[in-house]
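Next up, model.txt (compact mmCIF, C-alpha atoms):
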```
# COMPACT_ATOMS: atom_id res chain seq x y z
CA MET A 1344 22.11 3.08 16.46
CA ARG A 1345 18.57 1.86 16.95
CA LEU A 1346 17.22 5.21 15.80
CA LEU A 1347 19.39 5.12 12.68
CA ARG A 1348 18.16 1.61 11.88
CA GLY A 1349 14.59 2.84 12.21
CA LEU A 1350 15.24 5.75 9.88
CA VAL A 1351 16.68 3.47 7.23
CA VAL A 1352 13.93 0.88 7.13
CA ALA A 1353 10.82 2.88 8.00
CA VAL A 1354 8.12 2.75 5.36
CA VAL A 1355 5.75 5.52 6.40
CA PHE A 1356 3.60 6.85 3.58
CA PHE A 1357 2.92 10.60 4.00
CA CYS A 1358 4.06 10.49 7.64
CA PRO A 1359 6.99 12.64 8.77
CA THR A 1360 9.86 10.44 9.87
CA TYR A 1361 10.14 11.74 13.43
CA SER A 1362 6.61 10.56 14.29
CA ALA A 1363 7.42 6.91 13.67
CA LEU A 1364 11.04 5.87 13.78
CA CYS A 1365 10.22 2.22 13.45
CA CYS A 1366 10.36 -1.01 11.54
CA SER A 1367 8.87 -1.33 8.08
CA CYS A 1368 5.11 -1.22 8.53
CA SER A 1369 1.95 0.41 7.23
CA PHE A 1370 0.41 1.13 10.65
CA GLY A 1371 -2.80 -0.79 9.89
CA PRO A 1372 -6.26 0.72 9.42
CA PRO A 1373 -7.34 4.02 11.01
CA ILE A 1374 -8.43 3.96 14.63
CA GLN A 1375 -11.99 2.67 14.97
CA LYS A 1376 -13.70 1.27 18.02
CA THR A 1377 -15.43 -1.38 15.91
CA SER A 1378 -12.03 -2.93 15.12
CA GLU A 1379 -11.12 -5.89 17.32
CA ARG A 1380 -7.50 -4.68 17.43
CA GLU A 1381 -8.41 -1.22 18.66
CA ARG A 1382 -10.99 -2.40 21.20
CA GLU A 1383 -8.15 -4.09 23.06
CA ARG A 1384 -6.09 -0.87 23.13
CA ALA A 1385 -6.41 2.49 24.85
CA VAL A 1386 -7.09 5.56 22.72
CA PHE A 1387 -6.67 9.10 24.07
CA THR A 1388 -4.94 12.42 23.44
CA ALA A 1389 -1.99 13.55 25.54
CA ARG A 1390 0.76 16.16 25.57
CA VAL A 1391 4.34 14.91 25.90
CA VAL A 1392 5.97 16.90 28.71
CA GLN A 1393 9.23 15.15 29.61
CA PRO A 1394 11.66 12.60 28.17
CA LEU A 1395 12.36 9.50 30.23
CA GLY A 1396 14.49 7.59 27.75
CA ARG A 1397 17.35 8.46 25.47
CA ILE A 1398 16.97 11.88 23.81
CA TYR A 1399 17.32 12.31 20.04
CA ASN A 1400 17.43 15.50 18.00
CA TRP A 1401 15.59 15.58 14.71
CA ASP A 1402 14.66 18.58 12.56
CA GLY A 1403 15.12 20.98 15.47
CA LYS A 1404 13.01 18.88 17.85
CA GLN A 1405 13.90 16.80 20.88
CA LEU A 1406 12.46 13.29 20.83
CA SER A 1407 12.50 10.27 23.08
CA ASP A 1408 11.12 6.73 22.79
CA MET A 1409 9.95 6.82 26.43
CA VAL A 1410 8.16 9.92 27.71
CA LEU A 1411 5.94 11.35 30.40
CA ALA A 1412 2.63 12.65 29.02
CA VAL A 1413 -0.46 14.40 30.41
CA VAL A 1414 -3.75 12.81 29.29
CA HIS A 1415 -6.37 15.18 27.89
CA GLU A 1416 -9.30 13.57 26.05
CA ARG A 1417 -10.06 9.90 26.76
CA PHE A 1418 -11.81 7.93 24.02
CA TRP A 1419 -11.67 4.42 25.48
CA GLY A 1420 -9.41 1.92 27.24
CA VAL A 1421 -8.01 4.23 29.94
CA PRO A 1422 -9.22 2.95 33.34
CA TRP A 1423 -10.95 5.63 35.43
CA ASN A 1424 -8.59 5.05 38.35
CA TRP A 1425 -5.41 5.52 36.31
CA PRO A 1426 -3.44 8.76 36.78
CA LYS A 1427 -3.77 11.70 34.42
CA THR A 1428 0.00 11.70 33.93
CA VAL A 1429 1.15 8.50 32.20
CA ILE A 1430 4.24 6.95 30.67
CA LEU A 1431 4.29 6.25 26.92
CA ASN A 1432 6.76 3.51 26.06
CA GLY A 1433 7.72 3.55 22.39
CA SER A 1434 10.98 1.66 22.79
CA TYR A 1435 12.28 -1.40 20.98
CA PRO A 1436 11.04 -3.25 18.98
CA CYS A 1437 9.80 -0.85 16.30
CA ASP A 1438 10.62 2.41 18.09
CA THR A 1439 8.17 5.30 18.18
CA ALA A 1440 10.04 8.49 19.09
CA MET A 1441 7.84 11.30 20.43
CA ALA A 1442 8.55 15.03 20.34
CA ILE A 1443 8.72 16.89 23.65
CA GLY A 1444 5.94 19.47 23.96
CA GLU A 1445 3.86 17.89 21.15
CA GLU A 1446 0.20 16.86 21.48
CA TYR A 1447 -0.41 13.26 20.38
CA LEU A 1448 -3.27 10.99 19.49
CA VAL A 1449 -2.28 7.82 21.33
CA SER A 1450 -3.24 4.24 20.52
CA GLY A 1451 -1.46 2.09 23.07
CA SER A 1452 -1.56 -1.20 24.90
CA PRO A 1453 -1.72 -1.02 28.73
CA GLU A 1454 1.53 -2.50 30.08
CA ARG A 1455 1.11 -1.90 33.78
CA TYR A 1456 -0.38 0.77 36.01
CA GLY A 1457 0.10 4.15 34.34
CA VAL A 1458 2.18 2.78 31.43
CA PHE A 1459 1.12 2.34 27.79
CA SER A 1460 3.13 0.65 25.06
CA VAL A 1461 3.01 2.63 21.79
CA ASN A 1462 5.70 0.75 19.81
CA GLY A 1463 5.14 -2.01 17.27
CA CYS A 1464 3.60 0.11 14.49
CA SER A 1465 0.83 1.64 16.60
CA ARG A 1466 -1.23 4.51 15.20
CA THR A 1467 0.25 6.90 17.78
CA ARG A 1468 1.17 10.16 16.04
CA PRO A 1469 1.16 13.95 16.51
CA LEU A 1470 -2.40 15.23 16.78
CA LYS A 1471 -1.91 17.63 13.88
CA GLU A 1472 -1.18 14.63 11.62
CA ALA A 1473 -4.01 12.45 12.92
CA GLN A 1474 -6.95 14.05 11.16
CA VAL A 1475 -7.89 10.80 9.43
CA ASP A 1476 -8.02 8.92 12.75
CA LEU A 1477 -10.01 11.72 14.40
CA ARG A 1478 -12.79 11.11 11.85
CA THR A 1479 -13.09 7.36 12.34
CA PRO A 1480 -12.87 6.49 16.07
CA ASP A 1481 -16.55 5.71 16.72
CA GLY A 1482 -16.66 3.38 13.70
CA SER A 1483 -19.80 4.93 12.18
CA ARG A 1484 -18.03 5.48 8.85
CA CYS A 1485 -16.64 1.95 8.93
CA ALA A 1486 -19.73 -0.22 9.28
CA GLY A 1487 -19.98 -3.47 7.32
CA PRO A 1488 -20.55 -5.33 5.20
CA GLY A 1489 -18.36 -2.98 3.16
CA GLY A 1490 -16.53 -0.01 4.57
CA THR A 1491 -14.85 3.29 3.81
CA VAL A 1492 -11.64 4.17 1.98
CA ILE A 1493 -10.11 7.33 3.43
CA GLY A 1494 -6.82 9.17 3.21
CA TYR A 1495 -4.84 12.30 2.50
CA VAL A 1496 -4.27 13.76 -0.95
CA ARG A 1497 -0.96 15.60 -0.98
CA LYS A 1498 1.55 16.96 -3.48
CA GLY A 1499 5.20 16.07 -3.82
CA ASN A 1500 7.68 13.94 -5.73
CA ASP A 1501 9.21 11.85 -2.96
CA PRO A 1502 6.72 9.77 -0.94
CA PHE A 1503 9.19 9.03 1.87
CA ARG A 1504 11.01 12.30 2.59
CA GLY A 1505 9.93 15.68 3.84
CA GLU A 1506 6.52 17.20 4.37
CA HIS A 1507 4.04 17.47 1.54
CA ALA A 1508 1.54 20.21 0.80
CA ILE A 1509 -2.08 19.21 1.22
CA ALA A 1510 -4.09 19.05 -2.00
CA PRO A 1511 -7.62 20.35 -1.35
CA ASP A 1512 -10.49 20.13 -3.83
CA VAL A 1513 -8.93 17.33 -5.89
CA SER A 1514 -11.05 14.61 -7.52
CA VAL A 1515 -9.67 11.10 -7.10
CA ASN A 1516 -11.00 8.03 -8.86
CA LEU A 1517 -10.94 4.58 -7.32
CA ARG A 1518 -11.82 1.44 -9.23
CA ASP A 1519 -13.10 -1.83 -7.83
CA GLN A 1520 -12.35 -5.30 -9.16
CA ASP A 1521 -15.45 -5.26 -11.35
CA GLY A 1522 -14.22 -2.13 -13.15
CA LYS A 1523 -16.71 0.24 -11.50
CA THR A 1524 -15.28 3.68 -10.80
CA TYR A 1525 -16.00 5.74 -7.69
CA THR A 1526 -15.08 9.42 -7.39
CA ALA A 1527 -14.29 11.31 -4.20
CA GLN A 1528 -13.24 14.91 -3.61
CA SER A 1529 -10.56 15.98 -1.14
CA ASP A 1530 -11.75 18.62 1.34
CA ALA A 1531 -10.06 21.69 2.80
CA GLU A 1532 -7.77 19.45 4.89
CA GLY A 1533 -6.79 17.42 1.84
CA ILE A 1534 -8.70 14.35 3.02
CA TYR A 1535 -10.96 12.32 0.75
CA GLU A 1536 -13.56 9.78 1.85
CA LEU A 1537 -15.25 7.07 -0.15
CA ARG A 1538 -17.90 6.02 2.34
CA HIS A 1539 -19.77 2.75 2.70
CA VAL A 1540 -18.62 1.10 -0.50
CA PRO A 1541 -19.32 -2.63 -1.08
CA PRO A 1542 -16.81 -5.17 0.23
CA GLY A 1543 -13.87 -5.51 -2.12
CA VAL A 1544 -10.48 -4.25 -3.24
CA TYR A 1545 -10.03 -0.70 -4.48
CA ALA A 1546 -7.13 0.89 -6.35
CA VAL A 1547 -6.63 4.50 -7.36
CA GLU A 1548 -6.59 5.37 -11.05
CA SER A 1549 -3.22 7.05 -11.41
CA ASP A 1550 -3.99 9.01 -14.60
CA VAL A 1551 -4.86 12.50 -13.34
CA SER A 1552 -3.66 15.14 -15.82
CA GLN A 1553 -1.13 15.82 -18.54
CA ASN A 1554 1.69 16.45 -16.05
CA GLN A 1555 0.62 14.83 -12.78
CA TYR A 1556 -0.34 11.36 -11.64
CA ALA A 1557 -1.79 9.92 -8.45
CA SER A 1558 0.59 7.57 -6.67
CA SER A 1559 -1.02 5.41 -4.00
CA SER A 1560 0.36 3.44 -1.11
CA GLY A 1561 -1.04 0.24 -2.65
CA ILE A 1562 -4.61 -1.01 -2.69
CA ALA A 1563 -7.35 -0.82 -0.08
CA ALA A 1564 -9.32 -3.93 0.83
CA VAL A 1565 -12.48 -3.12 2.77
CA GLU A 1566 -14.69 -5.54 4.65
CA GLY A 1567 -16.53 -4.05 7.58
CA GLU A 1568 -13.97 -1.36 8.41
CA CYS A 1569 -12.27 1.85 7.34
CA ARG A 1570 -9.07 1.50 5.36
CA GLU A 1571 -6.53 4.24 4.78
CA MET A 1572 -4.98 4.79 1.36
CA GLY A 1573 -2.82 7.87 0.98
CA ILE A 1574 -2.54 9.51 -2.44
CA LEU A 1575 0.40 11.63 -3.57
CA LEU A 1576 0.16 13.81 -6.67
CA ARG A 1577 3.50 13.60 -8.44
CA ASP A 1578 4.90 15.26 -11.56
CA TYR A 1579 5.91 13.28 -14.64
CA ALA A 1580 7.40 13.89 -18.09
CA VAL A 1581 6.81 10.57 -19.89
CA ARG A 1582 4.27 7.86 -19.16
CA GLY A 1583 3.00 4.53 -20.44
CA ARG A 1584 1.09 1.43 -19.45
CA LEU A 1585 1.94 -2.24 -19.08
CA LEU A 1586 -0.43 -4.60 -17.26
CA PRO A 1587 -2.11 -4.15 -13.86
CA GLY A 1588 -0.51 -5.96 -10.95
CA LEU A 1589 2.44 -7.29 -12.97
CA THR A 1590 5.80 -7.40 -11.19
CA ALA A 1591 8.28 -5.65 -13.47
CA SER A 1592 11.11 -3.15 -13.68
CA ILE A 1593 10.95 -0.55 -16.43
CA GLU A 1594 13.69 1.72 -17.71
CA LEU A 1595 14.62 3.94 -20.61
CA VAL A 1596 17.94 2.83 -22.13
CA GLY A 1597 19.87 5.45 -24.09
CA ILE A 1598 21.10 4.57 -27.59
CA GLU A 1599 24.70 5.67 -27.18
CA GLU A 1600 28.19 4.24 -26.80
CA LEU A 1601 27.80 4.73 -23.05
CA PRO A 1602 24.05 4.30 -22.68
CA LYS A 1603 22.01 6.01 -20.00
CA GLN A 1604 19.72 3.77 -17.96
CA ILE A 1605 16.85 5.66 -16.36
CA PRO A 1606 14.47 3.62 -14.16
CA SER A 1607 10.83 4.61 -13.99
CA ASP A 1608 9.89 6.70 -10.95
CA SER A 1609 6.82 4.59 -10.31
CA ILE A 1610 4.80 1.60 -11.48
CA GLU A 1611 1.28 1.97 -10.11
CA PRO A 1612 -1.21 -0.83 -9.29
CA ASP A 1613 -3.25 0.06 -12.40
CA GLY A 1614 -0.26 -0.85 -14.60
CA ARG A 1615 0.72 2.69 -15.56
CA PHE A 1616 4.35 3.76 -15.23
CA TYR A 1617 5.90 7.20 -15.08
CA PHE A 1618 9.26 8.91 -15.65
CA ARG A 1619 9.68 12.26 -13.94
CA HIS A 1620 12.92 13.56 -15.43
CA VAL A 1621 14.47 12.30 -18.68
CA PRO A 1622 17.49 14.02 -20.30
CA ASP A 1623 17.26 14.82 -23.99
CA GLY A 1624 18.22 11.85 -26.14
CA GLU A 1625 17.17 8.75 -28.04
CA TYR A 1626 16.03 5.72 -26.06
CA LEU A 1627 14.61 2.23 -26.05
CA LEU A 1628 12.01 1.34 -23.46
CA SER A 1629 13.06 -1.87 -21.68
CA VAL A 1630 10.93 -4.03 -19.39
CA THR A 1631 12.07 -6.92 -17.20
CA THR A 1632 9.36 -9.18 -15.82
CA TRP A 1633 9.46 -12.32 -13.72
CA ILE A 1634 7.19 -15.05 -15.02
CA GLU A 1635 7.50 -18.64 -13.77
CA GLY A 1636 10.51 -17.61 -11.71
CA THR A 1637 12.49 -16.49 -14.77
CA ALA A 1638 13.41 -12.95 -15.76
CA ARG A 1639 12.16 -11.96 -19.22
CA ASN A 1640 13.29 -8.91 -21.15
CA LEU A 1641 10.98 -6.99 -23.46
CA TYR A 1642 11.17 -3.79 -25.45
CA TYR A 1643 8.44 -1.37 -26.41
CA PRO A 1644 6.00 -1.93 -28.10
CA GLY A 1645 6.20 -5.64 -27.16
CA THR A 1646 9.17 -7.50 -28.64
CA ASN A 1647 12.07 -9.42 -27.08
CA ASP A 1648 14.28 -8.51 -30.06
CA ARG A 1649 16.23 -5.32 -29.38
CA GLN A 1650 16.61 -4.71 -33.11
CA LYS A 1651 12.81 -4.51 -33.48
CA ALA A 1652 12.32 -2.16 -30.56
CA ALA A 1653 10.86 1.30 -31.20
CA ARG A 1654 13.39 4.15 -31.05
CA LEU A 1655 12.08 6.96 -28.87
CA ARG A 1656 13.30 10.56 -28.89
CA ILE A 1657 12.72 12.76 -25.87
CA THR A 1658 13.32 16.50 -26.00
CA ASN A 1659 12.55 19.06 -23.28
CA GLN A 1660 10.93 16.38 -21.14
CA THR A 1661 8.52 15.54 -23.94
CA LEU A 1662 8.15 12.44 -26.09
CA VAL A 1663 8.61 13.59 -29.68
CA GLY A 1664 5.42 12.81 -31.56
CA GLY A 1665 3.41 12.91 -28.33
CA GLY A 1666 1.26 10.13 -26.95
CA THR A 1667 2.00 7.53 -24.30
CA LEU A 1668 4.12 4.39 -24.26
CA ASP A 1669 1.30 1.88 -23.85
CA PHE A 1670 2.21 -1.74 -24.52
CA ASN A 1671 -0.16 -3.73 -26.70
CA PRO A 1672 -1.31 -6.69 -24.54
CA GLU A 1673 -1.73 -8.79 -27.68
CA LYS A 1674 2.01 -8.59 -28.36
CA LEU A 1675 3.11 -9.58 -24.87
CA PRO A 1676 4.18 -13.13 -23.99
CA MET A 1677 2.54 -12.97 -20.55
CA VAL A 1678 -1.20 -13.36 -20.05
CA PRO A 1679 -3.27 -12.41 -17.00
CA ILE A 1680 -5.18 -15.34 -15.53
CA PRO A 1681 -8.05 -13.92 -13.43
CA VAL A 1682 -9.14 -16.19 -10.61
CA SER A 1683 -12.33 -15.67 -8.60
CA LEU A 1684 -13.22 -17.36 -5.35
CA ASP A 1685 -16.75 -18.60 -4.82
CA PRO A 1686 -17.92 -16.83 -1.67
CA SER A 1687 -17.07 -18.48 1.61
CA THR A 1688 -18.97 -17.57 4.75
CA SER A 1689 -16.16 -18.90 6.90
CA ASP A 1690 -13.31 -16.91 8.41
CA ARG A 1691 -11.55 -20.10 9.41
CA PHE A 1692 -9.03 -19.93 6.55
CA THR A 1693 -6.77 -17.55 4.67
CA TRP A 1694 -7.18 -18.39 1.00
CA ARG A 1695 -4.31 -18.70 -1.45
CA VAL A 1696 -4.22 -19.95 -5.01
CA GLN A 1697 -1.15 -21.40 -6.73
CA LEU A 1698 -0.33 -21.80 -10.41
CA LEU A 1699 1.50 -25.10 -10.98
CA ARG A 1700 3.54 -26.44 -13.87
CA SER A 1701 5.17 -29.89 -13.75
CA GLY A 1702 4.42 -29.96 -10.05
CA GLN A 1703 6.33 -26.71 -9.39
CA VAL A 1704 4.75 -23.51 -8.08
CA MET A 1705 5.10 -20.85 -10.78
CA THR A 1706 3.28 -18.06 -8.93
CA GLU A 1707 0.68 -17.60 -6.24
CA GLY A 1708 -1.68 -15.02 -4.82
CA THR A 1709 -3.63 -14.44 -1.63
CA TRP A 1710 -7.15 -13.06 -1.37
CA ALA A 1711 -7.42 -9.78 0.48
CA PRO A 1712 -10.38 -9.36 2.85
CA GLY A 1713 -13.46 -8.68 0.74
CA GLY A 1714 -11.58 -9.38 -2.50
CA ARG A 1715 -13.41 -11.19 -5.25
CA GLN A 1716 -10.66 -11.71 -7.80
CA ILE A 1717 -6.88 -11.89 -8.11
CA LEU A 1718 -4.64 -11.86 -11.16
CA LEU A 1719 -1.93 -14.44 -11.77
CA TYR A 1720 0.37 -14.20 -14.78
CA GLY A 1721 1.39 -17.08 -16.99
CA THR A 1722 2.98 -17.64 -20.40
CA ARG A 1723 0.66 -17.25 -23.37
CA GLY A 1724 -0.68 -20.62 -24.48
CA ALA A 1725 0.90 -22.58 -21.60
CA SER A 1726 -1.03 -25.19 -19.60
CA TYR A 1727 -1.13 -25.05 -15.82
CA GLY A 1728 -2.70 -26.59 -12.80
CA LEU A 1729 -4.58 -24.26 -10.48
CA VAL A 1730 -5.01 -25.24 -6.84
CA LEU A 1731 -6.74 -23.49 -3.95
CA TYR A 1732 -5.33 -23.70 -0.43
CA GLY A 1733 -7.00 -22.63 2.79
CA TYR A 1734 -4.46 -21.96 5.52
CA SER A 1735 -5.92 -22.54 8.96
CA ASN A 1736 -6.34 -19.43 11.10
CA ARG A 1737 -6.41 -21.69 14.18
CA PRO A 1738 -4.05 -24.58 13.40
CA LEU A 1739 -4.34 -26.08 16.89
CA GLU A 1740 -8.08 -26.57 16.34
CA TYR A 1741 -8.25 -27.68 12.71
CA LYS A 1742 -5.98 -28.35 9.74
CA ASP A 1743 -5.40 -26.61 6.44
CA CYS A 1744 -7.76 -27.19 3.53
CA ARG A 1745 -6.97 -27.99 -0.11
CA ALA A 1746 -9.14 -28.19 -3.23
CA GLU A 1747 -8.65 -30.38 -6.28
CA ILE A 1748 -6.25 -29.17 -8.99
CA ALA A 1749 -8.01 -27.55 -11.95
CA ALA A 1750 -6.47 -27.46 -15.44
CA VAL A 1751 -6.18 -24.05 -17.14
CA VAL A 1752 -4.61 -22.70 -20.32
CA ALA A 1753 -3.32 -19.12 -20.36
CA LYS A 1754 -5.21 -17.32 -23.13
CA PRO A 1755 -5.67 -13.62 -23.91
CA GLY A 1756 -8.99 -12.24 -22.70
CA MET A 1757 -9.87 -15.39 -20.79
CA GLU A 1758 -12.81 -15.44 -18.42
CA ALA A 1759 -12.13 -15.63 -14.71
CA VAL A 1760 -11.41 -19.14 -13.47
CA ARG A 1761 -13.82 -19.84 -10.63
CA VAL A 1762 -12.48 -21.89 -7.76
CA ALA A 1763 -14.84 -23.21 -5.13
CA VAL A 1764 -14.18 -23.69 -1.45
CA PRO A 1765 -14.43 -27.45 -0.66
CA ALA A 1766 -17.59 -28.34 1.23
CA GLY A 1767 -15.64 -29.52 4.26
CA CYS A 1768 -13.95 -26.15 4.63
CA GLN A 1769 -17.03 -23.95 4.96
```
Using structure tokens, write down the structure from this file.
Amino acid sequence: MRLLRGLVVAVVFFCPTYSALCCSCSFGPPIQKTSERERERAVFTARVVQPLGRIYNWDGKQLSDMVLAVVHERFWGVPWNWPKTVILNGSYPCDTAMAIGEEYLVSGSPERYGVFSVNGCSRTRPLKEAQVDLRTPDGSRCAGPGGTVIGYVRKGNDPFRGEHAIAPDVSVNLRDQDGKTYTAQSDAEGIYELRHVPPGVYAVESDVSQNQYASSSGIAAVEGECREMGILLRDYAVRGRLLPGLTASIELVGIEELPKQIPSDSIEPDGRFYFRHVPDGEYLLSVTTWIEGTARNLYYPGTNDRQKAARLRITNQTLVGGGTLDFNPEKLPMVPIPVSLDPSTSDRFTWRVQLLRSGQVMTEGTWAPGGRQILLYGTRGASYGLVLYGYSNRPLEYKDCRAEIAAVVAKPGMEAVRVAVPAGCQ
């Protein structure tokens, strides 16, 4: 039952299910000795030779969440006087089931003599799938003040099921928060590296070609370390663009007595959305967004009146008349409010900004490590209060921090609102 639960809730981007039958997690950054988390763990390679716990069968393999393994190469954290044969404990919570006879790259916490815990979303995985981690362990690619964005480029239409073909010699574009674009090329193993970029947040540009787009596992925030961001090349038939970072659901609604409702296959961080398979027919493009805690319905090209919505005909997986379904930001009722944080040299707080109206929190955002700007969305022309909170990283030593409320009006094309860290919170 525990294994089934793990299969249902696992969120493992580009990672075969049997290697991590666990809770929803992203596994953290690649293994690097310069990371405080990894310095406290043991990293080594080992071959699983015998199950010690319950045995599961998956895809023709035998797996167990507690196994006996023979250590081969030791990177760090394995005491010299420990035995060469060790126990890997991947049991509850967040099970890691390991295949018998498979070679693994292990990142585990020493439990007791000869026993390592590899559960809880560790980076432990089959060696053949650990090529990213095998490039980063000494931390030379990950040095601050910035870092490196690294990951696989693969091909496939479902990011969560089955194995995906590697995609060698593919150019991927990543954009920082200032709009600067960086290009990296995947190598023969399908791995791309964007080395030693400045601190900040990076997102992949999803627009790749006329029939494929790059779907990422989110954004990568780098600040003195390597960050992994997998990229999956997926097919599409129809595409368009809304607004970057906006929470929304998008669907094509058929104009019939019994209308078809086809949700988009993906909405990427850059605001582009994609439909992979659309039956022939006539449609309206419907968008539901959540602004100020209320759902709002829109139709392409930017009206809330269904009668004024554009009628779209799709034939043979092609939009008749060609082009893309890009919304005009000037016709949308929501407006991005960019907020930038004056640099703080302190790591004492986690910074969050809230958008207030009549004393109620309408929306909020948290700065990622190295991030310089976040986007909040408000109603066009509406007045808000903007307040910065610093949540204490050591609440037993010192309290949270709060800045004064600043007044803002949501306007198209507005400059970033700069919020400063209070002097007492530096």
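For A:Ser1607, the set of protein, DNA and RNA residues having any atom at most 9 Å away, when counting only C-alpha atoms and skipping those fewer than 5 positions along the same chain, is Arg1582, Ser1592, Ile1593, Glu1594, Leu1595, Phe1616, Tyr1617, Phe1618 and Arg1619 of chain A.
Across the structure, atom CA of A:Tyr1456 and atom CA of A:Trp1425 are spaced 6.9 Å apart.
Each of A:Leu1627, A:Ile1534, A:Met1409, A:Ala1766 was checked against A:Arg1397 using all atoms listed in the file; the smallest atom-to-atom distance is that of A:Met1409.
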- Task: Show which residues sit within 9 Å of A:Tyr1643, as a list of chain:residue names. Count all atoms listed in the file, and ignore same-chain residues fewer than 5 positions away.
- Result: A:Leu1627, A:Leu1628, A:Ser1629, A:Val1630, A:Lys1651, A:Ala1652, A:Ala1653, A:Arg1654, A:Leu1668, A:Asp1669, A:Phe1670, A:Asn1671
Next, the residues of the selection above should be written as an mmCIF file, keeping the file's coordinate frame with C-alpha atoms.
```cif
data_model
loop_
_atom_site.group_PDB
_atom_site.id
_atom_site.type_symbol
_atom_site.label_atom_id
_atom_site.label_comp_id
_atom_site.auth_asym_id
_atom_site.auth_seq_id
_atom_site.Cartn_x
_atom_site.Cartn_y
_atom_site.Cartn_z
ATOM 1 C CA LEU A 1627 14.610 2.230 -26.050
ATOM 2 C CA LEU A 1628 12.010 1.340 -23.460
ATOM 3 C CA SER A 1629 13.060 -1.870 -21.680
ATOM 4 C CA VAL A 1630 10.930 -4.030 -19.390
ATOM 5 C CA LYS A 1651 12.810 -4.510 -33.480
ATOM 6 C CA ALA A 1652 12.320 -2.160 -30.560
ATOM 7 C CA ALA A 1653 10.860 1.300 -31.200
ATOM 8 C CA ARG A 1654 13.390 4.150 -31.050
ATOM 9 C CA LEU A 1668 4.120 4.390 -24.260
ATOM 10 C CA ASP A 1669 1.300 1.880 -23.850
ATOM 11 C CA PHE A 1670 2.210 -1.740 -24.520
ATOM 12 C CA ASN A 1671 -0.160 -3.730 -26.700
#
```
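Coordinates place atom CA of A:Leu1517 at a distance of 5.4 Å from atom CA of A:Ala1546.
Within the 7 Å cut-off around A:Ile1574, using all atoms listed in the file and omitting residues fewer than 5 positions from it on the same chain, the listed residues are A:Tyr1495, A:Val1496, A:Arg1497, A:Ala1557, A:Ser1558, A:Ser1559, A:Ser1560.
The space between atom CA of A:Ala1412 and atom CA of A:Val1386 spans 13.6 Å.
Residues with any atom within 10 Å of A:Glu1599, counting only C-alpha atoms and excluding same-chain neighbours fewer than 3 positions away, are Val1596, Pro1602, Lys1603, Gly1624, Glu1625 and Tyr1626 of chain A.
With only C-alpha atoms taken into account, the protein and nucleic acid residues at most 8 Å from stretch 1484-1491 of chain A (excluding it and anything under 6 positions from it in its own chain) are Gln1375, Thr1377, Glu1536, Leu1537, Arg1538, His1539, Val1540, Pro1541, Pro1542, Gly1543, Val1565, Glu1566, Gly1567, Glu1568, Cys1569, Arg1570 and Gly1713 of chain A.
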- Pick from A:Ala1711, A:Val1410, A:Val1752, A:Ile1598, whichever lies nearest to A:Ile1398 using only C-alpha atoms: A:Val1410
- Item | Nearby residues, (-3.6, -18.0, 12.2) file frame, 10 Å, only C-alpha atoms, as an MDAnalysis selection string | chainID A and resid 1691:1693 1734:1739
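Compared by their closest atoms to A:Trp1423, and using only C-alpha atoms, the residues A:Thr1479, A:Ala1385, A:Ile1374, A:Asp1550 rank with A:Ala1385 nearest.
Using only C-alpha atoms, the nearest neighbour of A:Tyr1545 within the list A:Lys1376, A:Arg1518, A:Arg1577, A:Arg1649 is A:Arg1518.
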Around stretch 1395-1402 of chain A, with edges along x, y and z and 6 Å added on all six sides, what centre and edge lengths do you get, in Å to one decimal, as lines of an AutoDock Vina configuration file?
```
center_x = 14.9
center_y = 13.1
center_z = 21.4
size_x = 17.1
size_y = 23.0
size_z = 29.7
```
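Restricting the calculation to all atoms listed in the file, the smallest distance between A:Pro1373 and any of A:Leu1406, A:Leu1431, A:Val1730, A:Val1492 is found for A:Val1492.
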- Message: Show me the residues close to (1.0, 16.8, -8.8) - anything with an atom within 6 Å, counting all atoms listed in the file - and format the list as a PyMOL selection string.
- Response: chain A and resi 1498+1555+1576-1578
Once you have the residues from the selection above, write them out as a PDB file, keeping the file's coordinate frame, restricted to C-alpha atoms.
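Ended up saving to result07.pdb:
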```pdb
ATOM      1  CA  LYS A1498       1.550  16.960  -3.480  1.00  0.00           C
ATOM      2  CA  GLN A1555       0.620  14.830 -12.780  1.00  0.00           C
ATOM      3  CA  LEU A1576       0.160  13.810  -6.670  1.00  0.00           C
ATOM      4  CA  ARG A1577       3.500  13.600  -8.440  1.00  0.00           C
ATOM      5  CA  ASP A1578       4.900  15.260 -11.560  1.00  0.00           C
TER       6      ASP A1578
END
```
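Remark: for A:Asp1613, the closest of the candidate residues A:Gln1520, A:Thr1661, A:Gln1528, A:Gln1474 is A:Gln1520 (distances computed over all atoms listed in the file).
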